[in-house]
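Asks: This is the content of run23.pdb (PDB, C-alpha atoms):
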ATOM      1  CA  MET U   1    -150.903  91.460 -35.465
ATOM      2  CA  GLU U   2    -153.023  93.011 -38.194
ATOM      3  CA  GLN U   3    -153.240  96.211 -36.146
ATOM      4  CA  LEU U   4    -149.464  96.712 -35.877
ATOM      5  CA  GLU U   5    -147.862  99.424 -37.979
ATOM      6  CA  LEU U   6    -145.757  97.133 -40.178
ATOM      7  CA  SER U   7    -145.162  96.654 -43.871
ATOM      8  CA  SER U   8    -147.239  93.993 -45.584
ATOM      9  CA  ARG U   9    -144.029  92.020 -46.249
ATOM     10  CA  ILE U  10    -143.134  91.746 -42.544
ATOM     11  CA  ARG U  11    -146.726  91.007 -41.582
ATOM     12  CA  ALA U  12    -146.923  88.213 -44.178
ATOM     13  CA  ALA U  13    -143.678  86.653 -42.916
ATOM     14  CA  ALA U  14    -144.992  86.729 -39.349
ATOM     15  CA  ARG U  15    -148.223  85.092 -40.505
ATOM     16  CA  ARG U  16    -146.307  82.290 -42.237
ATOM     17  CA  ALA U  17    -144.401  81.678 -38.974
ATOM     18  CA  ASN U  18    -147.736  81.371 -37.094
ATOM     19  CA  LEU U  19    -147.071  84.529 -35.073
ATOM     20  CA  SER U  20    -150.697  85.537 -34.630
ATOM     21  CA  SER U  21    -150.440  87.900 -31.645
ATOM     22  CA  VAL U  22    -148.142  90.381 -29.933
ATOM     23  CA  GLY U  23    -147.547  87.833 -27.195
ATOM     24  CA  ASP U  24    -146.260  85.328 -29.753
ATOM     25  CA  VAL U  25    -143.652  87.814 -30.975
ATOM     26  CA  LEU U  26    -142.437  88.824 -27.515
ATOM     27  CA  CYS U  27    -141.978  85.199 -26.415
ATOM     28  CA  PHE U  28    -139.021  84.776 -28.794
ATOM     29  CA  SER U  29    -135.565  86.297 -28.971
ATOM     30  CA  GLY U  30    -134.507  88.288 -32.031
ATOM     31  CA  ARG U  31    -132.370  85.401 -33.273
ATOM     32  CA  ASP U  32    -135.270  82.940 -32.962
ATOM     33  CA  LEU U  33    -137.587  85.320 -34.812
ATOM     34  CA  GLN U  34    -135.061  85.586 -37.634
ATOM     35  CA  ARG U  35    -134.908  81.806 -37.888
ATOM     36  CA  LEU U  36    -138.713  81.434 -37.857
ATOM     37  CA  THR U  37    -139.550  84.230 -40.295
ATOM     38  CA  GLY U  38    -136.473  84.474 -42.534
ATOM     39  CA  LEU U  39    -136.514  88.260 -42.112
ATOM     40  CA  SER U  40    -133.439  90.462 -41.783
ATOM     41  CA  ARG U  41    -132.217  91.821 -38.476
ATOM     42  CA  SER U  42    -133.568  95.302 -39.232
ATOM     43  CA  ASP U  43    -136.989  93.837 -40.089
ATOM     44  CA  ILE U  44    -136.999  91.870 -36.834
ATOM     45  CA  ASP U  45    -136.133  95.049 -34.904
ATOM     46  CA  GLN U  46    -139.160  96.767 -36.460
ATOM     47  CA  LEU U  47    -141.371  93.789 -35.588
ATOM     48  CA  ILE U  48    -140.223  93.692 -31.954
ATOM     49  CA  GLN U  49    -140.543  97.463 -31.507
ATOM     50  CA  ALA U  50    -144.080  97.472 -32.942
ATOM     51  CA  ALA U  51    -145.098  94.536 -30.733
ATOM     52  CA  ALA U  52    -143.561  96.132 -27.633
ATOM     53  CA  ALA U  53    -145.322  99.439 -28.322
ATOM     54  CA  ALA U  54    -148.663  97.659 -28.675
ATOM     55  CA  ALA U  55    -148.111  95.684 -25.472
ATOM     56  CA  SER U  56    -147.236  98.765 -23.425
ATOM     57  CA  ARG U  57    -150.327 100.837 -24.261
ATOM     58  CA  SER U  58    -151.816 100.022 -20.866
ATOM     59  CA  ARG U  59    -150.342 101.628 -17.769
ATOM     60  CA  PRO U  60    -147.495  99.505 -16.353
ATOM     61  CA  ILE U  61    -147.941  98.003 -12.886
ATOM     62  CA  THR U  62    -145.020  98.730 -10.557
ATOM     63  CA  ALA U  63    -143.975  96.846  -7.435
ATOM     64  CA  LEU U  64    -144.997  99.864  -5.351
ATOM     65  CA  ILE U  65    -148.548  99.770  -6.729
ATOM     66  CA  LEU U  66    -148.810  96.067  -5.907
ATOM     67  CA  THR U  67    -147.477  96.665  -2.388
ATOM     68  CA  ARG U  68    -149.974  99.453  -1.745
ATOM     69  CA  GLY U  69    -152.712  97.174  -3.014
ATOM     70  CA  PHE U  70    -151.822  94.594  -0.363
ATOM     71  CA  GLU U  71    -151.559  97.259   2.313
ATOM     72  CA  SER U  72    -155.022  98.554   1.476
ATOM     73  CA  GLY U  73    -156.406  95.296   2.869
ATOM     74  CA  ARG U  74    -158.978  94.785   0.098
ATOM     75  CA  ARG U  75    -159.905  91.115   0.133
ATOM     76  CA  LEU U  76    -162.688  88.829  -1.079
ATOM     77  CA  SER U  77    -163.997  86.690   1.776
ATOM     78  CA  LEU U  78    -164.175  82.909   1.344
ATOM     79  CA  GLY U  79    -167.391  82.920   3.354
ATOM     80  CA  CYS U  80    -165.709  81.303   6.357
ATOM     81  CA  PRO U  81    -163.998  83.269   9.165
ATOM     82  CA  VAL U  82    -161.505  80.473   9.894
ATOM     83  CA  LEU U  83    -160.290  80.252   6.289
ATOM     84  CA  ASP U  84    -160.336  84.036   5.940
ATOM     85  CA  ARG U  85    -157.925  84.306   8.883
ATOM     86  CA  LEU U  86    -155.615  81.818   7.174
ATOM     87  CA  LEU U  87    -155.538  84.012   4.045
ATOM     88  CA  GLY U  88    -155.266  87.346   5.815
ATOM     89  CA  GLY U  89    -158.886  88.256   5.090
ATOM     90  CA  GLY U  90    -159.534  86.331   1.877
ATOM     91  CA  LEU U  91    -158.389  86.379  -1.736
ATOM     92  CA  PRO U  92    -156.421  89.494  -2.755
ATOM     93  CA  VAL U  93    -158.382  91.775  -5.072
ATOM     94  CA  GLY U  94    -156.031  92.114  -8.023
ATOM     95  CA  GLY U  95    -153.911  89.112  -8.975
ATOM     96  CA  VAL U  96    -154.211  85.467  -9.948
ATOM     97  CA  THR U  97    -154.799  82.926  -7.179
ATOM     98  CA  GLU U  98    -154.327  79.241  -7.895
ATOM     99  CA  LEU U  99    -156.193  76.530  -5.975
ATOM    100  CA  ALA U 100    -154.747  73.094  -6.712
ATOM    101  CA  GLY U 101    -155.581  69.667  -5.371
ATOM    102  CA  GLU U 102    -156.573  66.089  -6.081
ATOM    103  CA  SER U 103    -159.986  65.162  -7.440
ATOM    104  CA  GLY U 104    -162.600  65.318  -4.674
ATOM    105  CA  ALA U 105    -160.543  67.592  -2.449
ATOM    106  CA  GLY U 106    -163.173  70.361  -2.513
ATOM    107  CA  LYS U 107    -161.678  72.828  -5.013
ATOM    108  CA  THR U 108    -164.878  73.341  -7.038
ATOM    109  CA  GLN U 109    -166.873  73.630  -3.806
ATOM    110  CA  LEU U 110    -164.683  76.558  -2.764
ATOM    111  CA  GLY U 111    -164.999  78.129  -6.216
ATOM    112  CA  LEU U 112    -168.804  78.011  -5.992
ATOM    113  CA  GLN U 113    -168.661  79.431  -2.491
ATOM    114  CA  LEU U 114    -166.665  82.418  -3.732
ATOM    115  CA  CYS U 115    -169.258  83.013  -6.480
ATOM    116  CA  LEU U 116    -171.787  83.620  -3.697
ATOM    117  CA  SER U 117    -169.450  85.507  -1.376
ATOM    118  CA  VAL U 118    -168.517  88.070  -4.048
ATOM    119  CA  GLN U 119    -172.157  89.182  -4.283
ATOM    120  CA  TYR U 120    -172.294  90.452  -0.717
ATOM    121  CA  PRO U 121    -171.533  94.146  -0.097
ATOM    122  CA  PRO U 122    -167.967  95.092   0.909
ATOM    123  CA  HIS U 123    -168.788  95.442   4.614
ATOM    124  CA  HIS U 124    -169.769  91.762   4.572
ATOM    125  CA  GLY U 125    -166.590  90.648   2.799
ATOM    126  CA  GLY U 126    -167.881  90.720  -0.783
ATOM    127  CA  LEU U 127    -167.451  93.063  -3.738
ATOM    128  CA  GLY U 128    -171.111  93.774  -4.466
ATOM    129  CA  SER U 129    -171.125  92.175  -7.894
ATOM    130  CA  GLY U 130    -171.400  88.848  -9.704
ATOM    131  CA  ALA U 131    -169.006  86.175 -10.954
ATOM    132  CA  VAL U 132    -168.176  84.438 -14.217
ATOM    133  CA  TYR U 133    -167.440  80.715 -13.916
ATOM    134  CA  ILE U 134    -165.556  79.184 -16.859
ATOM    135  CA  CYS U 135    -165.793  75.389 -17.097
ATOM    136  CA  THR U 136    -163.159  73.655 -19.235
ATOM    137  CA  GLU U 137    -163.545  70.131 -17.904
ATOM    138  CA  ASP U 138    -166.929  69.116 -16.472
ATOM    139  CA  ARG U 139    -170.476  70.431 -16.564
ATOM    140  CA  PHE U 140    -171.230  73.279 -14.199
ATOM    141  CA  PRO U 141    -172.449  71.820 -10.858
ATOM    142  CA  SER U 142    -175.747  73.691 -10.811
ATOM    143  CA  ARG U 143    -177.393  71.318  -8.329
ATOM    144  CA  ARG U 144    -174.663  71.903  -5.753
ATOM    145  CA  LEU U 145    -174.883  75.660  -6.356
ATOM    146  CA  GLN U 146    -178.615  75.602  -5.631
ATOM    147  CA  GLN U 147    -177.907  73.657  -2.438
ATOM    148  CA  LEU U 148    -175.383  76.277  -1.309
ATOM    149  CA  ILE U 149    -177.794  79.099  -2.127
ATOM    150  CA  GLY U 150    -180.504  77.410  -0.061
ATOM    151  CA  GLN U 151    -178.155  77.375   2.933
ATOM    152  CA  GLN U 152    -177.284  81.085   2.778
ATOM    153  CA  ARG U 153    -178.274  83.083   5.853
ATOM    154  CA  LEU U 154    -178.523  86.723   4.843
ATOM    155  CA  PRO U 155    -177.418  89.387   7.344
ATOM    156  CA  THR U 156    -180.223  91.466   8.806
ATOM    157  CA  ASP U 157    -179.256  94.548   6.771
ATOM    158  CA  ILE U 158    -179.636  92.670   3.445
ATOM    159  CA  THR U 159    -183.218  92.053   2.377
ATOM    160  CA  CYS U 160    -182.639  90.034  -0.778
ATOM    161  CA  LEU U 161    -179.879  88.674  -3.018
ATOM    162  CA  THR U 162    -180.819  86.838  -6.212
ATOM    163  CA  PHE U 163    -177.616  84.814  -6.357
ATOM    164  CA  THR U 164    -178.308  82.860  -9.553
ATOM    165  CA  ASP U 165    -178.951  86.022 -11.585
ATOM    166  CA  GLN U 166    -175.370  87.191 -11.016
ATOM    167  CA  ILE U 167    -173.414  84.049 -11.902
ATOM    168  CA  TYR U 168    -172.468  83.817 -15.583
ATOM    169  CA  ILE U 169    -171.465  80.355 -16.788
ATOM    170  CA  GLU U 170    -169.177  79.664 -19.754
ATOM    171  CA  HIS U 171    -168.172  76.267 -21.165
ATOM    172  CA  THR U 172    -165.007  76.163 -23.284
ATOM    173  CA  ALA U 173    -164.024  72.912 -24.970
ATOM    174  CA  ASP U 174    -160.721  74.019 -26.536
ATOM    175  CA  MET U 175    -158.021  76.667 -26.302
ATOM    176  CA  ALA U 176    -159.528  78.808 -29.054
ATOM    177  CA  SER U 177    -162.902  79.093 -27.323
ATOM    178  CA  LEU U 178    -161.201  79.796 -23.983
ATOM    179  CA  GLN U 179    -159.160  82.603 -25.515
ATOM    180  CA  THR U 180    -162.273  84.041 -27.167
ATOM    181  CA  CYS U 181    -164.135  83.924 -23.872
ATOM    182  CA  LEU U 182    -161.360  85.714 -21.960
ATOM    183  CA  SER U 183    -160.610  88.314 -24.614
ATOM    184  CA  ARG U 184    -164.161  89.193 -25.703
ATOM    185  CA  ARG U 185    -167.014  88.094 -23.441
ATOM    186  CA  VAL U 186    -165.435  88.390 -19.985
ATOM    187  CA  PRO U 187    -164.132  91.979 -20.534
ATOM    188  CA  VAL U 188    -167.664  93.065 -21.487
ATOM    189  CA  LEU U 189    -169.082  91.669 -18.223
ATOM    190  CA  LEU U 190    -166.311  93.335 -16.199
ATOM    191  CA  ALA U 191    -166.614  96.682 -17.986
ATOM    192  CA  ARG U 192    -170.363  96.782 -17.333
ATOM    193  CA  GLY U 193    -169.820  96.045 -13.631
ATOM    194  CA  LEU U 194    -171.790  92.809 -13.818
ATOM    195  CA  VAL U 195    -168.983  90.670 -12.366
ATOM    196  CA  ARG U 196    -165.987  91.168 -10.049
ATOM    197  CA  LEU U 197    -164.711  87.581  -9.893
ATOM    198  CA  VAL U 198    -163.367  85.271 -12.608
ATOM    199  CA  VAL U 199    -163.107  81.519 -11.921
ATOM    200  CA  VAL U 200    -161.437  79.101 -14.357
ATOM    201  CA  ASP U 201    -162.109  75.409 -13.588
ATOM    202  CA  SER U 202    -159.724  73.928 -14.483
ATOM    203  CA  VAL U 203    -156.670  75.620 -15.912
ATOM    204  CA  ALA U 204    -154.743  72.404 -16.701
ATOM    205  CA  SER U 205    -157.478  70.496 -18.514
ATOM    206  CA  LEU U 206    -157.156  72.045 -21.967
ATOM    207  CA  PHE U 207    -153.367  72.310 -21.877
ATOM    208  CA  ARG U 208    -153.111  68.618 -21.018
ATOM    209  CA  SER U 209    -155.591  67.477 -23.666
ATOM    210  CA  GLU U 210    -154.384  69.615 -26.594
ATOM    211  CA  PHE U 211    -150.601  69.355 -26.256
ATOM    212  CA  GLN U 212    -148.256  66.387 -26.186
ATOM    213  CA  ALA U 213    -144.979  66.311 -24.264
ATOM    214  CA  SER U 214    -143.070  67.132 -27.456
ATOM    215  CA  ASP U 215    -145.175  70.287 -27.939
ATOM    216  CA  TRP U 216    -143.697  71.958 -24.859
ATOM    217  CA  LEU U 217    -142.654  75.127 -26.683
ATOM    218  CA  GLU U 218    -146.086  75.669 -28.236
ATOM    219  CA  ARG U 219    -147.755  74.862 -24.923
ATOM    220  CA  THR U 220    -145.563  77.391 -23.110
ATOM    221  CA  ARG U 221    -146.451  80.073 -25.657
ATOM    222  CA  HIS U 222    -150.168  79.491 -25.156
ATOM    223  CA  LEU U 223    -149.736  79.286 -21.392
ATOM    224  CA  LEU U 224    -147.964  82.646 -21.215
ATOM    225  CA  SER U 225    -150.565  84.233 -23.485
ATOM    226  CA  PHE U 226    -153.345  82.813 -21.289
ATOM    227  CA  SER U 227    -151.769  84.047 -18.044
ATOM    228  CA  SER U 228    -151.086  87.468 -19.558
ATOM    229  CA  CYS U 229    -154.769  87.773 -20.428
ATOM    230  CA  LEU U 230    -155.768  86.865 -16.863
ATOM    231  CA  HIS U 231    -153.352  89.393 -15.346
ATOM    232  CA  ASN U 232    -154.560  92.138 -17.663
ATOM    233  CA  LEU U 233    -158.187  91.493 -16.693
ATOM    234  CA  SER U 234    -157.314  91.436 -13.001
ATOM    235  CA  GLN U 235    -155.297  94.659 -13.063
ATOM    236  CA  GLU U 236    -157.525  96.630 -15.436
ATOM    237  CA  PHE U 237    -160.744  95.853 -13.577
ATOM    238  CA  ASN U 238    -159.287  95.336 -10.062
ATOM    239  CA  THR U 239    -160.745  91.842 -10.030
ATOM    240  CA  PRO U 240    -159.644  88.653  -8.261
ATOM    241  CA  VAL U 241    -159.018  85.686 -10.564
ATOM    242  CA  LEU U 242    -159.209  82.129  -9.218
ATOM    243  CA  CYS U 243    -157.662  79.331 -11.287
ATOM    244  CA  ILE U 244    -158.499  75.802 -10.152
ATOM    245  CA  ASN U 245    -155.696  73.424 -11.085
ATOM    246  CA  GLN U 246    -155.128  69.695 -11.230
ATOM    247  CA  VAL U 247    -152.113  67.966  -9.698
ATOM    248  CA  THR U 248    -149.433  65.597 -10.902
ATOM    249  CA  GLY U 249    -147.494  63.004  -8.951
ATOM    250  CA  VAL U 250    -143.858  63.442  -7.948
ATOM    251  CA  PHE U 251    -141.399  60.571  -7.906
ATOM    252  CA  SER U 252    -139.771  61.321  -4.579
ATOM    253  CA  SER U 253    -139.723  63.896  -1.834
ATOM    254  CA  SER U 254    -136.566  65.400  -3.344
ATOM    255  CA  SER U 255    -138.581  66.314  -6.453
ATOM    256  CA  VAL U 256    -140.789  68.693  -4.491
ATOM    257  CA  ASP U 257    -139.383  72.202  -4.412
ATOM    258  CA  SER U 258    -140.498  75.425  -2.777
ATOM    259  CA  LEU U 259    -143.311  75.813  -5.337
ATOM    260  CA  GLY U 260    -145.186  72.827  -3.923
ATOM    261  CA  PRO U 261    -146.156  71.686  -0.432
ATOM    262  CA  LEU U 262    -143.403  69.787   1.324
ATOM    263  CA  SER U 263    -145.845  67.346   2.955
ATOM    264  CA  SER U 264    -147.498  66.172  -0.271
ATOM    265  CA  SER U 265    -146.758  63.477  -2.848
ATOM    266  CA  VAL U 266    -148.388  65.596  -5.569
ATOM    267  CA  SER U 267    -147.565  68.953  -7.117
ATOM    268  CA  PRO U 268    -149.709  71.424  -9.098
ATOM    269  CA  ALA U 269    -149.834  70.725 -12.831
ATOM    270  CA  LEU U 270    -148.235  72.789 -15.642
ATOM    271  CA  GLY U 271    -144.828  73.115 -13.990
ATOM    272  CA  LEU U 272    -142.569  76.092 -13.375
ATOM    273  CA  ALA U 273    -143.802  78.136 -16.349
ATOM    274  CA  TRP U 274    -147.266  78.349 -14.782
ATOM    275  CA  ALA U 275    -146.045  78.679 -11.183
ATOM    276  CA  ASN U 276    -144.213  81.879 -12.121
ATOM    277  CA  GLN U 277    -147.489  83.430 -13.323
ATOM    278  CA  VAL U 278    -149.343  82.889 -10.044
ATOM    279  CA  LEU U 279    -149.492  85.461  -7.250
ATOM    280  CA  VAL U 280    -150.919  83.140  -4.581
ATOM    281  CA  ARG U 281    -150.781  79.329  -4.612
ATOM    282  CA  LEU U 282    -153.169  77.368  -2.411
ATOM    283  CA  MET U 283    -153.563  73.610  -2.167
ATOM    284  CA  MET U 284    -156.504  71.600  -0.917
ATOM    285  CA  HIS U 285    -155.904  68.064   0.348
ATOM    286  CA  ARG U 286    -158.329  65.286   1.187
ATOM    287  CA  LEU U 287    -156.975  63.488   4.248
ATOM    288  CA  GLN U 288    -157.644  60.200   5.979
ATOM    289  CA  GLY U 289    -160.381  60.349   8.600
ATOM    290  CA  THR U 290    -163.768  61.966   8.932
ATOM    291  CA  VAL U 291    -165.316  64.699  11.045
ATOM    292  CA  THR U 292    -168.916  65.169  12.107
ATOM    293  CA  HIS U 293    -171.165  68.186  12.503
ATOM    294  CA  GLY U 294    -174.618  67.440  13.875
ATOM    295  CA  ASP U 295    -176.037  64.722  11.641
ATOM    296  CA  GLN U 296    -173.484  65.439   8.873
ATOM    297  CA  SER U 297    -170.132  63.762   8.291
ATOM    298  CA  SER U 298    -167.314  64.838   5.989
ATOM    299  CA  ALA U 299    -163.905  63.622   4.934
ATOM    300  CA  LEU U 300    -161.221  65.732   6.568
ATOM    301  CA  ARG U 301    -159.617  68.319   4.286
ATOM    302  CA  ARG U 302    -156.741  70.733   4.652
ATOM    303  CA  LEU U 303    -156.262  74.077   2.900
ATOM    304  CA  GLU U 304    -152.616  75.144   2.690
ATOM    305  CA  VAL U 305    -150.859  78.354   1.667
ATOM    306  CA  VAL U 306    -147.931  77.222  -0.488
ATOM    307  CA  PHE U 307    -146.689  80.700  -1.379
ATOM    308  CA  ALA U 308    -147.968  84.278  -1.345
ATOM    309  CA  PRO U 309    -146.158  87.633  -1.114
ATOM    310  CA  HIS U 310    -148.099  88.629   1.996
ATOM    311  CA  LEU U 311    -148.570  85.301   3.815
ATOM    312  CA  ALA U 312    -146.404  82.732   5.552
ATOM    313  CA  GLN U 313    -146.713  79.046   4.700
ATOM    314  CA  ASP U 314    -149.530  77.733   6.857
ATOM    315  CA  GLY U 315    -152.609  75.539   6.717
ATOM    316  CA  ARG U 316    -155.963  74.837   8.314
ATOM    317  CA  HIS U 317    -158.087  71.710   8.497
ATOM    318  CA  ALA U 318    -161.519  72.020   6.896
ATOM    319  CA  ALA U 319    -164.628  70.034   6.023
ATOM    320  CA  VAL U 320    -167.316  70.199   3.340
ATOM    321  CA  TRP U 321    -170.798  70.528   4.829
ATOM    322  CA  THR U 322    -174.154  71.140   3.195
ATOM    323  CA  GLU U 323    -173.645  74.871   3.738
ATOM    324  CA  GLY U 324    -170.169  74.845   2.117
ATOM    325  CA  VAL U 325    -166.472  74.534   2.949
ATOM    326  CA  ARG U 326    -165.786  75.468   6.554
ATOM    327  CA  GLY U 327    -162.488  75.628   8.393
ATOM    328  CA  LEU U 328    -162.193  73.817  11.691
ATOM    329  CA  GLU U 329    -161.432  75.950  14.723
ATOM    330  CA  GLU U 330    -159.080  73.322  16.156
ATOM    331  CA  ASP U 331    -156.938  71.183  13.866
ATOM    332  CA  ALA U 332    -157.507  67.498  14.244
TER     333      ALA U 332
END
Kindly present the structure from the file in structure tokens form.
Replies:
Amino acid sequence: MEQLELSSRIRAAARRANLSSVGDVLCFSGRDLQRLTGLSRSDIDQLIQAAAAAASRSRPITALILTRGFESGRRLSLGCPVLDRLLGGGLPVGGVTELAGESGAGKTQLGLQLCLSVQYPPHHGGLGSGAVYICTEDRFPSRRLQQLIGQQRLPTDITCLTFTDQIYIEHTADMASLQTCLSRRVPVLLARGLVRLVVVDSVASLFRSEFQASDWLERTRHLLSFSSCLHNLSQEFNTPVLCINQVTGVFSSSSVDSLGPLSSSVSPALGLAWANQVLVRLMMHRLQGTVTHGDQSSALRRLEVVFAPHLAQDGRHAAVWTEGVRGLEEDA
């Protein structure tokens, strides 16, 4: 806000109304801004025009550009051929993908797996760079990461990959530190080519802990600002963004709409406001029953495509082995 070309009087009124960013201004109508700031209609017009000009400095993304991006076939492999086939090759490069599911479903396992997959060269399904893993809820599972690294079998044309040197870990305990991380530290890593994947685990944790039900308007403002930051990073640096999300229960099957899986009693957290910001929504379920693989056993999982512009609704059974999450060739 301090960088906008506005009179000190208008800037002071915006500051008193807690409008600290361009996104805050553009979330409100002109009438609401008048009520919040006490400014005249002409002053509000100047404020909106200055905010809009600042927001449009980057090149706009058209539907045609997005379509050509999908047609180009650029994907980030999940490290499993079965799951890659489900997703049309992997995660789209450019856009926000959400992976939601109950605790213990295997969401973090898949996030770690992608942090390794992204480091492979493009002809092996990767992007030839590192990943930044942002933890908002629990400590980073470094022991499980080391276990996955120990199970990697490098292709014959790759002599060495120092996986741990290319995974950058951030811990954010509140919304302010998360915003600082995404607006300052992550862009530096992307601009230097050190990372090509951003993982946020989990997206719902801070919004649930910092806002009460009565704070829905403030929560929505922060949620839209957060998603805008993710989209800008993804589009500017052509980088896939994975947001791991929690779930919330639904009261009846009639409460589940097209933004959640029809076969589930849970729905991704943060509601419609967040669902509209997501390009691809995936859900991971932990099912009844177990499967075996040699001397290993695993609870049966299922990865489902809830919605995506380039994929039909579908799913595949999977299991979590020592070497990672693997899709099952034949559904149980």
Asks: Any chance you could work out the residue set of the PyMOL selection byres ((chain U and resi 31) around 12) here, as an MDAnalysis selection string?
Replies: chainID U and resid 25 27:30 32:45 48
Asks: I need the residue nearest Ala54 in chain U from this list: U:Asp24, U:Asp201, U:Glu5, U:Asp84. Use all atoms listed in the file for the distance.
Replies: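 Of all the options, U:Glu5 lies closest to Ala54 in chain U.
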Asks: Identify all residues satisfying the PyMOL selection byres ((chain U and resi 189) around 12) in the given file; provide them as a list in words.
Replies: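 Here the PyMOL selection byres ((chain U and resi 189) around 12) matches Ser129, Gly130, Ala131, Val132, Tyr133, Gln166, Ile167, Tyr168, Ile169, Cys181, Leu182, Ser183, Arg184, Arg185, Val186, Pro187, Val188, Leu190, Ala191, Arg192, Gly193, Leu194, Val195, Arg196, Leu197, Val198, Leu233, Phe237 and Thr239 of chain U.
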Asks: Could you tell me, as a PyMOL selection string, exactly which residues end up selected when the PyMOL selection byres ((chain U and resi 221) around 12) is applied to this structure?
Replies: chain U and resi 18-28+207+211+215-220+222-228+273-274
Asks: Could you dump the residues just selected with C-alpha atoms as a compact mmCIF listing (two decimals), keeping the file's coordinate frame?
Replies:
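After the write, result34.txt holds the following:
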# COMPACT_ATOMS: atom_id res chain seq x y z
CA ASN U 18 -147.74 81.37 -37.09
CA LEU U 19 -147.07 84.53 -35.07
CA SER U 20 -150.70 85.54 -34.63
CA SER U 21 -150.44 87.90 -31.64
CA VAL U 22 -148.14 90.38 -29.93
CA GLY U 23 -147.55 87.83 -27.20
CA ASP U 24 -146.26 85.33 -29.75
CA VAL U 25 -143.65 87.81 -30.98
CA LEU U 26 -142.44 88.82 -27.52
CA CYS U 27 -141.98 85.20 -26.42
CA PHE U 28 -139.02 84.78 -28.79
CA PHE U 207 -153.37 72.31 -21.88
CA PHE U 211 -150.60 69.36 -26.26
CA ASP U 215 -145.18 70.29 -27.94
CA TRP U 216 -143.70 71.96 -24.86
CA LEU U 217 -142.65 75.13 -26.68
CA GLU U 218 -146.09 75.67 -28.24
CA ARG U 219 -147.76 74.86 -24.92
CA THR U 220 -145.56 77.39 -23.11
CA HIS U 222 -150.17 79.49 -25.16
CA LEU U 223 -149.74 79.29 -21.39
CA LEU U 224 -147.96 82.65 -21.22
CA SER U 225 -150.56 84.23 -23.48
CA PHE U 226 -153.34 82.81 -21.29
CA SER U 227 -151.77 84.05 -18.04
CA SER U 228 -151.09 87.47 -19.56
CA ALA U 273 -143.80 78.14 -16.35
CA TRP U 274 -147.27 78.35 -14.78
Asks: Taking only residues of range 140-226 of chain U that have an atom at most 12 Å from an atom of range 264-268 of chain U, what is each one's shortest atom pair and its distance in Å to one decimal, using all atoms listed in the file, in chain and number order, as a Markdown table?
Replies:
| residue | atom | partner | partner_atom | distance |
| --- | --- | --- | --- | --- |
| U:Ser202 | CA | U:Pro268 | CA | 11.6 |
| U:Val203 | CA | U:Pro268 | CA | 10.6 |
| U:Ala204 | CA | U:Pro268 | CA | 9.2 |
Asks: Which polymer residues have any atom within 10 Å of an atom of Arg301 in chain U, counting all atoms listed in the file, with same-chain residues fewer than 6 positions away left out, as JSON, numbers by chain?
Replies: {"U": [104, 105, 106, 284, 285, 286, 287, 288, 289, 290, 291, 316, 317, 318, 319, 320, 325, 326, 327, 328]}
Asks: Using all atoms listed in the file, which of U:Arg74, U:His231, U:Arg302, U:Arg144 sits nearest Cys243 in chain U?
Replies: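 Nearest to Cys243 in chain U: U:His231.
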Asks: Expressed in Å to a single decimal, how great is the separation between CA of Ser297 in chain U and CA of Trp321 in chain U?
Replies: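 CA of Trp321 in chain U lies 7.6 Å from CA of Ser297 in chain U.
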Asks: Figure out the distance between CA of Ser117 in chain U and CA of Phe163 in chain U, please, to one decimal in Å.
Replies: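 For CA of Phe163 in chain U relative to CA of Ser117 in chain U, the distance reads 9.6 Å.
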Asks: Please provide as a ChimeraX atom specification all residues within 12 Å of Gln151 in chain U, with the sequence filter that same-chain residues fewer than 5 positions apart are discarded (counting all atoms listed in the file).
Replies: /U:113,116,144-146,163,321-324
Asks: Find, counting all atoms listed in the file, the residue in U:Asn232, U:Ser205, U:Gln277, U:Ser77 that gets nearest to Gln246 in chain U.
Replies: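 So, comparing all the options, the nearest one is U:Ser205.
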Asks: Please give the centre and size of the box around range 311-314 of chain U (axis-aligned, containing every atom listed in the file, 5 Å added per side), with values in Å to one decimal and written as AutoDock Vina command-line options.
Replies:
--center_x -148.0 --center_y 81.5 --center_z 5.3 --size_x 13.1 --size_y 17.6 --size_z 13.0
